[in-house]
file work_39.pdb (PDB, C-alpha atoms)
MODEL        1
ATOM      1  CA  MET C  11      -3.551 -35.010  38.263
ATOM      2  CA  VAL C  12      -3.927 -38.704  37.345
ATOM      3  CA  ASN C  13      -2.033 -38.070  34.108
ATOM      4  CA  TRP C  14       0.925 -36.528  35.941
ATOM      5  CA  ILE C  15       0.966 -39.401  38.440
ATOM      6  CA  ARG C  16       1.236 -41.813  35.519
ATOM      7  CA  VAL C  17       4.039 -39.738  33.976
ATOM      8  CA  ALA C  18       5.948 -39.711  37.276
ATOM      9  CA  PHE C  19       5.443 -43.452  37.820
ATOM     10  CA  TYR C  20       6.594 -44.433  34.327
ATOM     11  CA  GLY C  21       9.507 -42.010  34.557
ATOM     12  CA  LEU C  22      10.571 -43.623  37.831
ATOM     13  CA  LEU C  23      10.321 -47.101  36.316
ATOM     14  CA  LEU C  24      12.515 -46.037  33.404
ATOM     15  CA  LEU C  25      15.092 -44.616  35.800
ATOM     16  CA  VAL C  26      15.183 -47.868  37.775
ATOM     17  CA  VAL C  27      15.677 -49.939  34.602
ATOM     18  CA  SER C  28      18.378 -47.518  33.443
ATOM     19  CA  PHE C  29      20.333 -47.723  36.690
ATOM     20  CA  LEU C  30      20.170 -51.521  36.579
ATOM     21  CA  LEU C  31      21.384 -51.870  32.991
ATOM     22  CA  MET C  32      23.799 -48.942  32.808
ATOM     23  CA  PRO C  33      26.671 -50.455  34.855
ATOM     24  CA  VAL C  34      26.474 -53.675  32.867
ATOM     25  CA  GLN C  35      26.587 -51.793  29.566
ATOM     26  CA  LEU C  36      29.544 -49.697  30.725
ATOM     27  CA  ILE C  37      31.501 -52.836  31.572
ATOM     28  CA  CYS C  38      30.606 -54.404  28.231
ATOM     29  CA  LEU C  39      31.734 -51.285  26.390
ATOM     30  CA  ARG C  40      34.967 -51.118  28.379
ATOM     31  CA  TYR C  41      35.930 -54.679  27.479
ATOM     32  CA  ASP C  42      34.128 -54.848  24.106
ATOM     33  CA  LEU C  43      31.885 -57.697  25.254
ATOM     34  CA  MET C  44      29.115 -58.956  22.956
ATOM     35  CA  PRO C  45      26.189 -57.967  25.256
ATOM     36  CA  ARG C  46      26.987 -54.316  24.501
ATOM     37  CA  ARG C  47      25.210 -54.803  21.168
ATOM     38  CA  TYR C  48      21.905 -56.184  22.438
ATOM     39  CA  LEU C  49      21.510 -54.619  25.889
ATOM     40  CA  PRO C  50      20.436 -51.294  24.337
ATOM     41  CA  ARG C  51      17.627 -53.164  22.534
ATOM     42  CA  VAL C  52      16.328 -54.418  25.888
ATOM     43  CA  TRP C  53      16.339 -50.891  27.319
ATOM     44  CA  HIS C  54      14.716 -49.338  24.255
ATOM     45  CA  ARG C  55      11.918 -51.918  24.169
ATOM     46  CA  ILE C  56      11.084 -51.113  27.773
ATOM     47  CA  ALA C  57      11.320 -47.383  27.040
ATOM     48  CA  CYS C  58       8.922 -47.685  24.085
ATOM     49  CA  ASP C  59       6.435 -49.590  26.249
ATOM     50  CA  LEU C  60       6.586 -47.004  29.021
ATOM     51  CA  LEU C  61       6.348 -44.052  26.625
ATOM     52  CA  GLY C  62       3.381 -45.642  24.866
ATOM     53  CA  LEU C  63       5.108 -46.042  21.498
ATOM     54  CA  ARG C  64       3.270 -48.935  19.841
ATOM     55  CA  VAL C  65       5.660 -50.124  17.156
ATOM     56  CA  ARG C  66       4.556 -52.267  14.205
ATOM     57  CA  VAL C  67       7.149 -53.647  11.799
ATOM     58  CA  HIS C  68       6.554 -54.333   8.114
ATOM     59  CA  GLY C  69       9.114 -56.198   6.057
ATOM     60  CA  THR C  70      12.290 -57.671   7.493
ATOM     61  CA  LEU C  71      15.723 -56.495   8.436
ATOM     62  CA  GLU C  72      18.254 -57.488   5.775
ATOM     63  CA  ARG C  73      20.194 -60.540   6.941
ATOM     64  CA  ARG C  74      23.312 -59.922   4.875
ATOM     65  CA  ARG C  75      26.234 -57.921   6.211
ATOM     66  CA  PRO C  76      27.723 -55.322   6.128
ATOM     67  CA  LEU C  77      24.429 -53.477   6.511
ATOM     68  CA  LEU C  78      23.741 -49.749   6.500
ATOM     69  CA  LEU C  79      20.178 -48.670   7.327
ATOM     70  CA  SER C  80      19.073 -45.416   5.707
ATOM     71  CA  SER C  81      16.020 -43.953   7.434
ATOM     72  CA  ASN C  82      13.904 -40.814   7.387
ATOM     73  CA  HIS C  83      14.202 -38.745  10.556
ATOM     74  CA  VAL C  84      11.214 -37.305  12.391
ATOM     75  CA  SER C  85      12.151 -37.142  16.057
ATOM     76  CA  TRP C  86      14.421 -38.404  18.823
ATOM     77  CA  LYS C  87      11.777 -41.139  19.144
ATOM     78  CA  ASP C  88      13.129 -42.668  15.921
ATOM     79  CA  ILE C  89      16.163 -43.829  17.885
ATOM     80  CA  LEU C  90      14.017 -45.557  20.495
ATOM     81  CA  VAL C  91      11.874 -47.172  17.804
ATOM     82  CA  LEU C  92      14.700 -48.548  15.648
ATOM     83  CA  SER C  93      16.737 -49.642  18.669
ATOM     84  CA  SER C  94      13.762 -51.595  20.014
ATOM     85  CA  ILE C  95      13.642 -53.594  16.777
ATOM     86  CA  ALA C  96      17.289 -54.420  16.085
ATOM     87  CA  ASP C  97      20.793 -54.226  17.531
ATOM     88  CA  VAL C  98      21.975 -51.044  15.846
ATOM     89  CA  VAL C  99      24.356 -48.147  16.278
ATOM     90  CA  PHE C 100      23.721 -44.649  14.985
ATOM     91  CA  VAL C 101      25.615 -42.034  13.072
ATOM     92  CA  ALA C 102      24.900 -38.808  14.942
ATOM     93  CA  LYS C 103      26.064 -35.219  14.768
ATOM     94  CA  SER C 104      28.539 -34.305  17.463
ATOM     95  CA  GLU C 105      26.093 -31.941  19.226
ATOM     96  CA  VAL C 106      24.024 -34.944  20.302
ATOM     97  CA  LYS C 107      26.720 -35.802  22.859
ATOM     98  CA  ASP C 108      25.703 -32.711  24.848
ATOM     99  CA  TRP C 109      21.958 -33.393  24.824
ATOM    100  CA  PRO C 110      20.393 -34.106  28.226
ATOM    101  CA  VAL C 111      19.537 -37.793  28.701
ATOM    102  CA  PHE C 112      19.850 -38.796  25.046
ATOM    103  CA  GLY C 113      23.461 -37.698  24.697
ATOM    104  CA  HIS C 114      24.439 -40.100  27.464
ATOM    105  CA  LEU C 115      22.300 -42.862  25.949
ATOM    106  CA  ALA C 116      23.947 -42.318  22.564
ATOM    107  CA  ARG C 117      27.381 -42.806  24.113
ATOM    108  CA  LEU C 118      26.198 -45.954  25.891
ATOM    109  CA  GLN C 119      25.044 -47.283  22.525
ATOM    110  CA  ALA C 120      28.499 -46.628  21.045
ATOM    111  CA  SER C 121      27.129 -44.202  18.462
ATOM    112  CA  VAL C 122      29.466 -42.767  15.845
ATOM    113  CA  PHE C 123      29.645 -38.989  16.283
ATOM    114  CA  ILE C 124      30.603 -36.891  13.279
ATOM    115  CA  GLU C 125      31.656 -33.273  12.890
ATOM    116  CA  ARG C 126      29.742 -32.212   9.791
ATOM    117  CA  GLU C 127      31.516 -28.874   9.529
ATOM    118  CA  GLN C 128      34.975 -30.435   9.838
ATOM    119  CA  LYS C 129      35.584 -31.453   6.221
ATOM    120  CA  ARG C 130      39.224 -32.291   6.946
ATOM    121  CA  SER C 131      38.161 -35.119   9.236
ATOM    122  CA  ALA C 132      35.381 -36.380   6.935
ATOM    123  CA  GLY C 133      37.553 -39.185   5.564
ATOM    124  CA  GLN C 134      38.532 -40.369   9.027
ATOM    125  CA  GLN C 135      34.892 -40.320  10.153
ATOM    126  CA  ALA C 136      33.764 -42.280   7.098
ATOM    127  CA  ASN C 137      36.513 -44.831   7.734
ATOM    128  CA  GLU C 138      35.303 -45.282  11.324
ATOM    129  CA  ILE C 139      31.778 -45.965  10.075
ATOM    130  CA  GLY C 140      33.197 -48.332   7.476
ATOM    131  CA  ARG C 141      35.147 -50.207  10.133
ATOM    132  CA  ARG C 142      32.051 -50.626  12.272
ATOM    133  CA  LEU C 143      30.083 -51.907   9.278
ATOM    134  CA  ALA C 144      32.804 -54.366   8.343
ATOM    135  CA  ASP C 145      32.850 -55.578  11.942
ATOM    136  CA  GLY C 146      29.254 -56.740  11.531
ATOM    137  CA  GLU C 147      27.489 -53.878  13.289
ATOM    138  CA  VAL C 148      24.257 -52.571  11.780
ATOM    139  CA  VAL C 149      24.730 -48.832  11.352
ATOM    140  CA  VAL C 150      21.793 -46.410  11.044
ATOM    141  CA  LEU C 151      22.171 -43.269   8.964
ATOM    142  CA  PHE C 152      19.670 -40.382   8.803
ATOM    143  CA  PRO C 153      20.670 -38.959   5.409
ATOM    144  CA  GLU C 154      18.294 -35.985   5.567
ATOM    145  CA  GLY C 155      20.766 -34.528   8.051
ATOM    146  CA  THR C 156      17.995 -33.112  10.259
ATOM    147  CA  THR C 157      14.468 -33.883  11.478
ATOM    148  CA  SER C 158      11.391 -33.263   9.330
ATOM    149  CA  ASP C 159       7.761 -32.560  10.231
ATOM    150  CA  GLY C 160       6.918 -36.247   9.747
ATOM    151  CA  ASN C 161       4.688 -35.564   6.721
ATOM    152  CA  ARG C 162       7.381 -35.752   4.076
ATOM    153  CA  LEU C 163      10.928 -36.757   3.324
ATOM    154  CA  LEU C 164      13.500 -33.986   3.024
ATOM    155  CA  GLU C 165      16.198 -34.075   0.368
ATOM    156  CA  ILE C 166      18.766 -36.784   1.050
ATOM    157  CA  LYS C 167      22.433 -35.781   1.227
ATOM    158  CA  SER C 168      24.338 -38.196  -0.989
ATOM    159  CA  SER C 169      27.653 -37.270   0.662
ATOM    160  CA  LEU C 170      26.617 -39.174   3.775
ATOM    161  CA  PHE C 171      26.701 -42.417   1.771
ATOM    162  CA  GLY C 172      30.478 -42.127   1.724
ATOM    163  CA  ALA C 173      30.318 -44.437   4.738
ATOM    164  CA  ALA C 174      29.111 -47.253   2.509
ATOM    165  CA  ALA C 175      31.913 -46.608   0.024
ATOM    166  CA  SER C 176      34.469 -46.683   2.867
ATOM    167  CA  ALA C 177      33.231 -50.068   4.036
ATOM    168  CA  VAL C 178      33.357 -51.729   0.582
ATOM    169  CA  PRO C 179      37.103 -52.547   0.678
ATOM    170  CA  GLN C 180      36.661 -54.073   4.153
ATOM    171  CA  SER C 181      33.644 -56.193   3.194
ATOM    172  CA  PRO C 182      34.423 -59.914   2.661
ATOM    173  CA  THR C 183      32.155 -59.882  -0.410
ATOM    174  CA  GLY C 184      33.106 -56.419  -1.654
ATOM    175  CA  VAL C 185      29.496 -55.298  -1.156
ATOM    176  CA  VAL C 186      27.748 -53.147   1.440
ATOM    177  CA  HIS C 187      23.968 -53.554   1.648
ATOM    178  CA  VAL C 188      22.061 -50.293   2.053
ATOM    179  CA  GLN C 189      18.492 -50.865   3.253
ATOM    180  CA  PRO C 190      15.904 -48.052   3.107
ATOM    181  CA  VAL C 191      13.685 -47.670   6.175
ATOM    182  CA  ALA C 192      10.568 -45.526   6.595
ATOM    183  CA  ILE C 193       9.341 -44.506  10.055
ATOM    184  CA  SER C 194       5.744 -43.264  10.053
ATOM    185  CA  TYR C 195       3.833 -41.883  13.046
ATOM    186  CA  THR C 196       0.269 -42.754  12.092
ATOM    187  CA  GLY C 197      -2.011 -42.759  15.122
ATOM    188  CA  ILE C 198      -2.659 -41.496  18.616
ATOM    189  CA  HIS C 199      -4.952 -43.217  21.111
ATOM    190  CA  GLY C 200      -5.993 -45.587  18.332
ATOM    191  CA  MET C 201      -7.176 -42.778  16.029
ATOM    192  CA  PRO C 202      -5.485 -41.556  12.832
ATOM    193  CA  MET C 203      -2.983 -38.822  13.606
ATOM    194  CA  GLY C 204      -3.937 -35.470  12.086
ATOM    195  CA  ARG C 205      -2.038 -32.214  11.834
ATOM    196  CA  TYR C 206      -3.180 -31.159  15.313
ATOM    197  CA  HIS C 207      -1.178 -33.959  16.944
ATOM    198  CA  ARG C 208       1.744 -33.898  14.500
ATOM    199  CA  PRO C 209       3.940 -31.767  16.839
ATOM    200  CA  ILE C 210       3.760 -34.620  19.368
ATOM    201  CA  ALA C 211       5.180 -37.038  16.814
ATOM    202  CA  ALA C 212       7.663 -34.724  15.111
ATOM    203  CA  TRP C 213      10.466 -32.826  16.794
ATOM    204  CA  PRO C 214      11.849 -30.166  14.443
ATOM    205  CA  GLY C 215      14.237 -28.947  17.128
ATOM    206  CA  ASP C 216      12.651 -25.605  18.035
ATOM    207  CA  ILE C 217      10.984 -27.204  21.075
ATOM    208  CA  GLY C 218      12.967 -28.116  24.176
ATOM    209  CA  LEU C 219      13.799 -31.809  24.464
ATOM    210  CA  ILE C 220      12.497 -32.286  28.015
ATOM    211  CA  PRO C 221       9.121 -30.515  27.436
ATOM    212  CA  HIS C 222       8.665 -32.585  24.281
ATOM    213  CA  LEU C 223       9.497 -35.782  26.160
ATOM    214  CA  LEU C 224       6.948 -34.910  28.852
ATOM    215  CA  GLY C 225       4.340 -34.260  26.157
ATOM    216  CA  VAL C 226       4.877 -37.745  24.742
ATOM    217  CA  LEU C 227       4.606 -39.264  28.223
ATOM    218  CA  ARG C 228       1.334 -37.422  28.857
ATOM    219  CA  GLU C 229      -0.212 -38.790  25.654
ATOM    220  CA  GLY C 230       1.012 -42.331  26.259
ATOM    221  CA  ALA C 231      -0.340 -43.958  23.069
ATOM    222  CA  ILE C 232       1.366 -43.264  19.743
ATOM    223  CA  ASP C 233       1.265 -45.715  16.829
ATOM    224  CA  VAL C 234       4.474 -46.076  14.836
ATOM    225  CA  GLU C 235       4.860 -48.032  11.595
ATOM    226  CA  VAL C 236       8.346 -49.113  10.492
ATOM    227  CA  ASP C 237       8.781 -50.324   6.918
ATOM    228  CA  PHE C 238      11.943 -52.122   5.800
ATOM    229  CA  GLY C 239      12.456 -51.784   2.064
ATOM    230  CA  GLU C 240      14.473 -53.782  -0.428
ATOM    231  CA  ALA C 241      18.208 -53.370   0.101
ATOM    232  CA  VAL C 242      20.487 -51.795  -2.500
ATOM    233  CA  ASP C 243      23.895 -53.376  -3.095
ATOM    234  CA  TYR C 244      26.746 -50.879  -2.969
ATOM    235  CA  ASP C 245      30.075 -52.024  -4.446
ATOM    236  CA  ARG C 246      33.174 -50.401  -5.915
ATOM    237  CA  ARG C 247      31.368 -49.731  -9.211
ATOM    238  CA  SER C 248      28.362 -48.040  -7.598
ATOM    239  CA  ASN C 249      27.628 -44.378  -8.133
ATOM    240  CA  ARG C 250      26.950 -42.699  -4.808
ATOM    241  CA  LYS C 251      24.420 -40.225  -6.195
ATOM    242  CA  GLU C 252      22.507 -42.916  -8.069
ATOM    243  CA  VAL C 253      22.317 -45.096  -4.954
ATOM    244  CA  SER C 254      21.155 -42.172  -2.833
ATOM    245  CA  ARG C 255      18.415 -41.295  -5.356
ATOM    246  CA  LEU C 256      17.178 -44.880  -5.426
ATOM    247  CA  VAL C 257      17.165 -45.113  -1.632
ATOM    248  CA  GLU C 258      15.406 -41.734  -1.397
ATOM    249  CA  ARG C 259      12.726 -42.865  -3.858
ATOM    250  CA  ARG C 260      12.018 -46.015  -1.880
ATOM    251  CA  ILE C 261      11.839 -44.242   1.485
ATOM    252  CA  ARG C 262       9.609 -41.518   0.049
ATOM    253  CA  ARG C 263       7.170 -44.025  -1.438
ATOM    254  CA  MET C 264       6.977 -46.148   1.724
ATOM    255  CA  LEU C 265       6.420 -43.075   3.911
ATOM    256  CA  SER C 266       3.792 -41.602   1.607
ATOM    257  CA  ASP C 267       1.877 -44.876   1.317
ATOM    258  CA  ARG C 268       1.912 -45.506   5.056
ATOM    259  CA  LEU C 269       0.741 -41.986   5.967
ATOM    260  CA  ARG C 270      -2.142 -42.408   3.514
ATOM    261  CA  GLY C 271      -3.183 -45.638   5.179
ATOM    262  CA  ARG C 272      -1.939 -47.894   2.398
ATOM    263  CA  SER C 273       0.547 -50.774   2.502
ATOM    264  CA  ALA C 274       4.004 -49.452   1.684
ATOM    265  CA  SER C 275       5.117 -50.321  -1.845
ATOM    266  CA  GLY C 276       8.628 -48.864  -1.886
ATOM    267  CA  ALA C 277      10.206 -52.220  -1.101
ATOM    268  CA  GLN C 278       9.421 -53.429  -4.612
ATOM    269  CA  ASP C 279      10.688 -50.344  -6.398
ATOM    270  CA  ALA C 280      12.948 -51.349  -9.252
ATOM    271  CA  ALA C 281      16.355 -49.818  -9.848
TER     272      ALA C 281
ENDMDL
END

call {"tool": "encode", "arguments": {"input": "work_39.pdb", "output": "structure tokens"}}
result
Amino acid sequence: MVNWIRVAFYGLLLLVVSFLLMPVQLICLRYDLMPRRYLPRVWHRIACDLLGLRVRVHGTLERRRPLLLSSNHVSWKDILVLSSIADVVFVAKSEVKDWPVFGHLARLQASVFIEREQKRSAGQQANEIGRRLADGEVVVLFPEGTTSDGNRLLEIKSSLFGAAASAVPQSPTGVVHVQPVAISYTGIHGMPMGRYHRPIAAWPGDIGLIPHLLGVLREGAIDVEVDFGEAVDYDRRSNRKEVSRLVERRIRRMLSDRLRGRSASGAQDAA
């Protein structure tokens, strides 16, 4: 009973914060005002606190622009975690727009929605991502294309790095910086997270979003480690497949090290 009271109270608090910030964000989006970039970070930090996501950051966000973050993808919680750290926008599949709660939040964050099955519009979608990168926005890409079980990195789709190639001509320096990021769910209630609790961290998609959200609220104490690796420079001479393999290697090493309780070493991986 006490647990459900806490869930209801925190849920109510999150609704209140949302209703306070939502009108402001809508106005900022309508008139392209600068606060539209950092207001989502305020909301996501509060959301992480209320959900009990204890985020620890290792390494630093690349300062140079244009910047494309390439991250492993475990759950919808990844969006809350990364958005609580930096002012970012996401590349998301078009179905996300129809998700309860998070579809609306994705639109408020000005996410870039792509139709993965519509190959004829792939160039236009890549150009939109490139334009956003060149405009100074930090864009997050989940190149696995789907969520994993949180214990490993799935194969990265090199085609998704076409966004970086599209932004190169629009970059003042002719370079787009691609920074690997590893998100690791490592603990629950201060104890190492084992396989029993892994379904709480991971969301492979075969569980309803709302029941999974309620499960996270009931637990209320999940440790998340975020590692920022060394950025890869992508220019007109870069090979997309080679860049994707290098980024994949760095994410895989950081994730593996962190899940084993070691300091992530992928940031120092040489090309």

call {"tool": "atom_distance", "arguments": {"input": "work_39.pdb", "atom1": "CA of Thr156 in chain C", "atom2": "CA of Leu25 in chain C"}}
result
28.2 Å

call {"tool": "residues_around", "arguments": {"input": "work_39.pdb", "residues": "range 162-168 of chain C", "least_positions_apart": "5", "cutoff": "8 Å", "atoms": "all atoms listed in the file", "output": "compact mmCIF listing (two decimals) with C-alpha atoms, in the coordinates of the input"}}
result
# COMPACT_ATOMS: atom_id res chain seq x y z
CA ASN C 82 13.90 -40.81 7.39
CA PRO C 153 20.67 -38.96 5.41
CA GLU C 154 18.29 -35.98 5.57
CA GLY C 155 20.77 -34.53 8.05
CA ARG C 250 26.95 -42.70 -4.81
CA LYS C 251 24.42 -40.22 -6.20
CA SER C 254 21.16 -42.17 -2.83
CA ARG C 255 18.42 -41.30 -5.36
CA GLU C 258 15.41 -41.73 -1.40
CA ILE C 261 11.84 -44.24 1.48
CA ARG C 262 9.61 -41.52 0.05
CA LEU C 265 6.42 -43.08 3.91
CA SER C 266 3.79 -41.60 1.61

call {"tool": "residues_around", "arguments": {"input": "work_39.pdb", "residues": "Ala120 in chain C", "least_positions_apart": "3", "cutoff": "12 Å", "atoms": "all atoms listed in the file", "output": "PDB file with C-alpha atoms, in the frame of the given file"}}
result
ATOM      1  CA  GLN C  35      26.587 -51.793  29.566  1.00  0.00           C
ATOM      2  CA  LEU C  36      29.544 -49.697  30.725  1.00  0.00           C
ATOM      3  CA  CYS C  38      30.606 -54.404  28.231  1.00  0.00           C
ATOM      4  CA  LEU C  39      31.734 -51.285  26.390  1.00  0.00           C
ATOM      5  CA  ARG C  40      34.967 -51.118  28.379  1.00  0.00           C
ATOM      6  CA  ASP C  42      34.128 -54.848  24.106  1.00  0.00           C
ATOM      7  CA  ARG C  46      26.987 -54.316  24.501  1.00  0.00           C
ATOM      8  CA  ARG C  47      25.210 -54.803  21.168  1.00  0.00           C
ATOM      9  CA  TYR C  48      21.905 -56.184  22.438  1.00  0.00           C
ATOM     10  CA  LEU C  49      21.510 -54.619  25.889  1.00  0.00           C
ATOM     11  CA  PRO C  50      20.436 -51.294  24.337  1.00  0.00           C
ATOM     12  CA  ASP C  97      20.793 -54.226  17.531  1.00  0.00           C
ATOM     13  CA  VAL C  98      21.975 -51.044  15.846  1.00  0.00           C
ATOM     14  CA  VAL C  99      24.356 -48.147  16.278  1.00  0.00           C
ATOM     15  CA  PHE C 100      23.721 -44.649  14.985  1.00  0.00           C
ATOM     16  CA  VAL C 101      25.615 -42.034  13.072  1.00  0.00           C
ATOM     17  CA  ALA C 102      24.900 -38.808  14.942  1.00  0.00           C
ATOM     18  CA  LYS C 107      26.720 -35.802  22.859  1.00  0.00           C
ATOM     19  CA  GLY C 113      23.461 -37.698  24.697  1.00  0.00           C
ATOM     20  CA  HIS C 114      24.439 -40.100  27.464  1.00  0.00           C
ATOM     21  CA  LEU C 115      22.300 -42.862  25.949  1.00  0.00           C
ATOM     22  CA  ALA C 116      23.947 -42.318  22.564  1.00  0.00           C
ATOM     23  CA  ARG C 117      27.381 -42.806  24.113  1.00  0.00           C
ATOM     24  CA  PHE C 123      29.645 -38.989  16.283  1.00  0.00           C
ATOM     25  CA  GLU C 138      35.303 -45.282  11.324  1.00  0.00           C
ATOM     26  CA  ILE C 139      31.778 -45.965  10.075  1.00  0.00           C
ATOM     27  CA  ARG C 142      32.051 -50.626  12.272  1.00  0.00           C
ATOM     28  CA  GLU C 147      27.489 -53.878  13.289  1.00  0.00           C
ATOM     29  CA  VAL C 148      24.257 -52.571  11.780  1.00  0.00           C
ATOM     30  CA  VAL C 149      24.730 -48.832  11.352  1.00  0.00           C
TER      31      VAL C 149
END

call {"tool": "atom_distance", "arguments": {"input": "work_39.pdb", "atom1": "CA of Gly62 in chain C", "atom2": "CA of Leu269 in chain C"}}
result
19.4 Å

call {"tool": "atom_distance", "arguments": {"input": "work_39.pdb", "atom1": "CA of Gly197 in chain C", "atom2": "CA of His222 in chain C"}}
result
17.4 Å

call {"tool": "closest_residue", "arguments": {"input": "work_39.pdb", "among": "C:Val27, C:Leu92, C:Met203, C:Ala174", "to": "Leu60 in chain C", "atoms": "all atoms listed in the file"}}
result
C:Val27

call {"tool": "resolve_selection", "arguments": {"input": "work_39.pdb", "expression": "the PyMOL selection byres ((chain C and resi 230) around 12)", "output": "ChimeraX atom specification"}}
result
/C:13-14,16-17,20-21,57-64,197-200,210-211,223-229,231-233

call {"tool": "closest_atom_pairs", "arguments": {"input": "work_39.pdb", "of": "range 58-77 of chain C", "to": "range 177-182 of chain C", "cutoff": "10 Å", "atoms": "all atoms listed in the file", "output": "CSV"}}
result
residue,atom,partner,partner_atom,distance
C:Arg75,CA,C:Ser181,CA,8.2
C:Pro76,CA,C:Ser181,CA,6.7
C:Leu77,CA,C:Ala177,CA,9.8

call {"tool": "closest_residue", "arguments": {"input": "work_39.pdb", "among": "C:Ser273, C:Asp237, C:Ala175, C:Ala212", "to": "Leu78 in chain C", "atoms": "only C-alpha atoms"}}
result
C:Ala175

call {"tool": "closest_residue", "arguments": {"input": "work_39.pdb", "among": "C:Tyr206, C:Trp86, C:Leu23, C:Arg73", "to": "Val111 in chain C", "atoms": "all atoms listed in the file"}}
result
C:Trp86

call {"tool": "closest_residue", "arguments": {"input": "work_39.pdb", "among": "C:Leu151, C:Met32, C:Val106, C:Ile89", "to": "Gln189 in chain C", "atoms": "only C-alpha atoms"}}
result
C:Leu151

call {"tool": "closest_residue", "arguments": {"input": "work_39.pdb", "among": "C:Leu256, C:Val122, C:Leu22, C:Val52", "to": "Glu240 in chain C", "atoms": "all atoms listed in the file"}}
result
C:Leu256

call {"tool": "closest_residue", "arguments": {"input": "work_39.pdb", "among": "C:His187, C:Arg263, C:His207, C:Arg270", "to": "Asp245 in chain C", "atoms": "all atoms listed in the file"}}
result
C:His187

call {"tool": "build_atoms", "arguments": {"input": "work_39.pdb", "residues": "range 89-104 of chain C", "atoms": "N, CA and C atoms", "output": "mmCIF file, in the coordinates of the input"}}
result
data_model
loop_
_atom_site.group_PDB
_atom_site.id
_atom_site.type_symbol
_atom_site.label_atom_id
_atom_site.label_comp_id
_atom_site.auth_asym_id
_atom_site.auth_seq_id
_atom_site.Cartn_x
_atom_site.Cartn_y
_atom_site.Cartn_z
ATOM 1 N N ILE C 89 15.062 -43.041 17.319
ATOM 2 C CA ILE C 89 16.163 -43.829 17.885
ATOM 3 C C ILE C 89 15.616 -44.916 18.804
ATOM 4 N N LEU C 90 14.636 -44.561 19.619
ATOM 5 C CA LEU C 90 14.017 -45.557 20.495
ATOM 6 C C LEU C 90 13.350 -46.649 19.665
ATOM 7 N N VAL C 91 12.637 -46.231 18.629
ATOM 8 C CA VAL C 91 11.874 -47.172 17.804
ATOM 9 C C VAL C 91 12.791 -48.163 17.102
ATOM 10 N N LEU C 92 13.801 -47.657 16.391
ATOM 11 C CA LEU C 92 14.700 -48.548 15.648
ATOM 12 C C LEU C 92 15.525 -49.423 16.589
ATOM 13 N N SER C 93 15.931 -48.870 17.713
ATOM 14 C CA SER C 93 16.737 -49.642 18.669
ATOM 15 C C SER C 93 15.925 -50.722 19.359
ATOM 16 N N SER C 94 14.600 -50.561 19.404
ATOM 17 C CA SER C 94 13.762 -51.595 20.014
ATOM 18 C C SER C 94 13.544 -52.772 19.072
ATOM 19 N N ILE C 95 13.856 -52.563 17.788
ATOM 20 C CA ILE C 95 13.642 -53.594 16.777
ATOM 21 C C ILE C 95 14.894 -54.413 16.521
ATOM 22 N N ALA C 96 16.049 -53.749 16.488
ATOM 23 C CA ALA C 96 17.289 -54.420 16.085
ATOM 24 C C ALA C 96 18.468 -53.885 16.888
ATOM 25 N N ASP C 97 19.555 -54.642 16.868
ATOM 26 C CA ASP C 97 20.793 -54.226 17.531
ATOM 27 C C ASP C 97 21.542 -53.309 16.572
ATOM 28 N N VAL C 98 21.419 -52.018 16.781
ATOM 29 C CA VAL C 98 21.975 -51.044 15.846
ATOM 30 C C VAL C 98 22.826 -50.013 16.576
ATOM 31 N N VAL C 99 23.656 -49.335 15.802
ATOM 32 C CA VAL C 99 24.356 -48.147 16.278
ATOM 33 C C VAL C 99 24.027 -47.020 15.312
ATOM 34 N N PHE C 100 24.144 -45.794 15.778
ATOM 35 C CA PHE C 100 23.721 -44.649 14.985
ATOM 36 C C PHE C 100 24.895 -43.756 14.605
ATOM 37 N N VAL C 101 24.723 -43.123 13.462
ATOM 38 C CA VAL C 101 25.615 -42.034 13.072
ATOM 39 C C VAL C 101 24.923 -40.751 13.493
ATOM 40 N N ALA C 102 25.544 -40.001 14.387
ATOM 41 C CA ALA C 102 24.900 -38.808 14.942
ATOM 42 C C ALA C 102 25.837 -37.610 14.866
ATOM 43 N N LYS C 103 25.252 -36.441 14.746
ATOM 44 C CA LYS C 103 26.064 -35.219 14.768
ATOM 45 C C LYS C 103 26.652 -35.037 16.163
ATOM 46 N N SER C 104 27.791 -34.390 16.211
ATOM 47 C CA SER C 104 28.539 -34.305 17.463
ATOM 48 C C SER C 104 27.772 -33.593 18.574
#
